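The next block holds one structure in the form of structure tokens; read it before the comments.
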Amino acid sequence: DGARTNSFDYMRMKAYTVLKKGMSSAEFGKTAKLVRGQPIEGDPQLIQYGGGQPIMKNGVMIGAISVSGPTGAVADDTCAMAGLAKFHF
């Protein structure tokens, strides 16, 4: 599919960000205070790129879905949302 091997790391970090911050990774990216060369909020696993989405059931986050590929965060978010649409709770 053209994905680089580091896509797995980004995908894992996006899911971690969703679970830790309770919002999509793109939403978090809009609020994060980015300082070049410094981990976000002192946590090197947090990431500001889109592609991570919470999985919600009855208003409660039960997990995360994340996508990371060669086309970037906008396409990653679109793919993650398509995946979420397949969940039927």
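Residue numbering restarts at 1 for every chain of the structure tokens, chains are lettered A, B, ... in their displayed order, and ligands are numbered from 1 as they appear.
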Neighbouring residues of segment 34-39 of chain A were defined as those with any atom within 12 Å, considering only C-alpha atoms; residues of the same chain fewer than 6 positions away were excluded. Please report them as a JSON list (two decimals) with N, CA, C and O atoms, in the first residue's frame.
```json
[["chain", "number", "residue", "atom", "x", "y", "z"],
["A", 28, "PHE", "N", -6.81, 17.11, 19.44],
["A", 28, "PHE", "CA", -5.74, 17.39, 20.37],
["A", 28, "PHE", "C", -4.69, 18.28, 19.73],
["A", 28, "PHE", "O", -4.18, 19.21, 20.35],
["A", 45, "GLN", "N", 5.11, 10.31, 23.67],
["A", 45, "GLN", "CA", 4.17, 9.45, 22.94],
["A", 45, "GLN", "C", 2.96, 10.21, 22.40],
["A", 45, "GLN", "O", 2.23, 9.68, 21.57],
["A", 46, "LEU", "N", 2.73, 11.44, 22.88],
["A", 46, "LEU", "CA", 1.62, 12.24, 22.36],
["A", 46, "LEU", "C", 1.96, 12.76, 20.97],
["A", 46, "LEU", "O", 3.11, 13.09, 20.69],
["A", 47, "ILE", "N", 0.96, 12.84, 20.12],
["A", 47, "ILE", "CA", 1.17, 13.28, 18.74],
["A", 47, "ILE", "C", 0.00, 14.16, 18.32],
["A", 47, "ILE", "O", -1.13, 13.97, 18.76],
["A", 48, "GLN", "N", 0.27, 15.12, 17.47],
["A", 48, "GLN", "CA", -0.73, 16.11, 17.08],
["A", 48, "GLN", "C", -1.36, 15.86, 15.72],
["A", 48, "GLN", "O", -2.18, 16.64, 15.28],
["A", 49, "TYR", "N", -1.03, 14.78, 15.07],
["A", 49, "TYR", "CA", -1.52, 14.51, 13.72],
["A", 49, "TYR", "C", -2.86, 13.79, 13.72],
["A", 49, "TYR", "O", -3.12, 12.95, 14.57]]
```
Those in chain A with strand (DSSP E or B) from DSSP, as a ChimeraX atom specification: /A:52-57,60-66
Distance query Gly29 of chain A at most 12 Å, only C-alpha atoms, self and fewer than 2 positions along chain excluded, as a list of chain:residue names: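 Everything that qualifies: A:Lys14, A:Thr17, A:Val18, A:Lys21, A:Met23, A:Ser24, A:Ser25, A:Ala26, A:Glu27, A:Thr31, A:Ala32, A:Lys33, A:Leu34, A:Ile40, A:Glu41, A:Leu46, A:Ile47, A:Gln48, A:Tyr49, A:Gly50, A:Gly51, A:Gly52, A:Ala73.
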For Pro54 of chain A, the nearest of the candidates A:Gly22, A:His88, A:Met13, A:Val74, counting only C-alpha atoms: A:Gly22
Two-atom distance - atom CA of Gln53 of chain A, atom CA of Ile65 of chain A (Å):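 Atom-to-atom, atom CA of Gln53 of chain A to atom CA of Ile65 of chain A, that is 5.4 Å.
Minimum distance to Gly83 of chain A across A:Asp43, A:Thr5, A:Lys30, A:Ile55 (counting only C-alpha atoms) occurs at A:Ile55.
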DSSP alpha helix (DSSP H) residues within segment 16-81 of chain A, as a list in words: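 Written out, the alpha helix (DSSP H) residues of segment 16-81 of chain A are Tyr16, Thr17, Val18, Leu19, Lys20, Lys21, Ser25, Ala26, Glu27, Phe28, Gly29, Lys30, Thr31, Ala73, Val74, Ala75, Asp76, Asp77, Thr78, Cys79, Ala80 and Met81 of chain A.
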Separation of atom CA of Gly69 of chain A from atom CA of Leu19 of chain A, in Å and rounded to one decimal: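 Computing the Euclidean distance for atom CA of Gly69 of chain A and atom CA of Leu19 of chain A yields 20.2 Å.
For the set A:Phe89, A:Ala82, A:Gly42, A:Met11, the residue with the smallest atom-to-atom gap to Met56 of chain A is A:Phe89, counting only C-alpha atoms.
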Point-to-point distance in Å for atom CA of Ala75 of chain A and atom CA of Ser7 of chain A: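 Spanning atom CA of Ser7 of chain A to atom CA of Ala75 of chain A is a straight-line distance of 13.4 Å.
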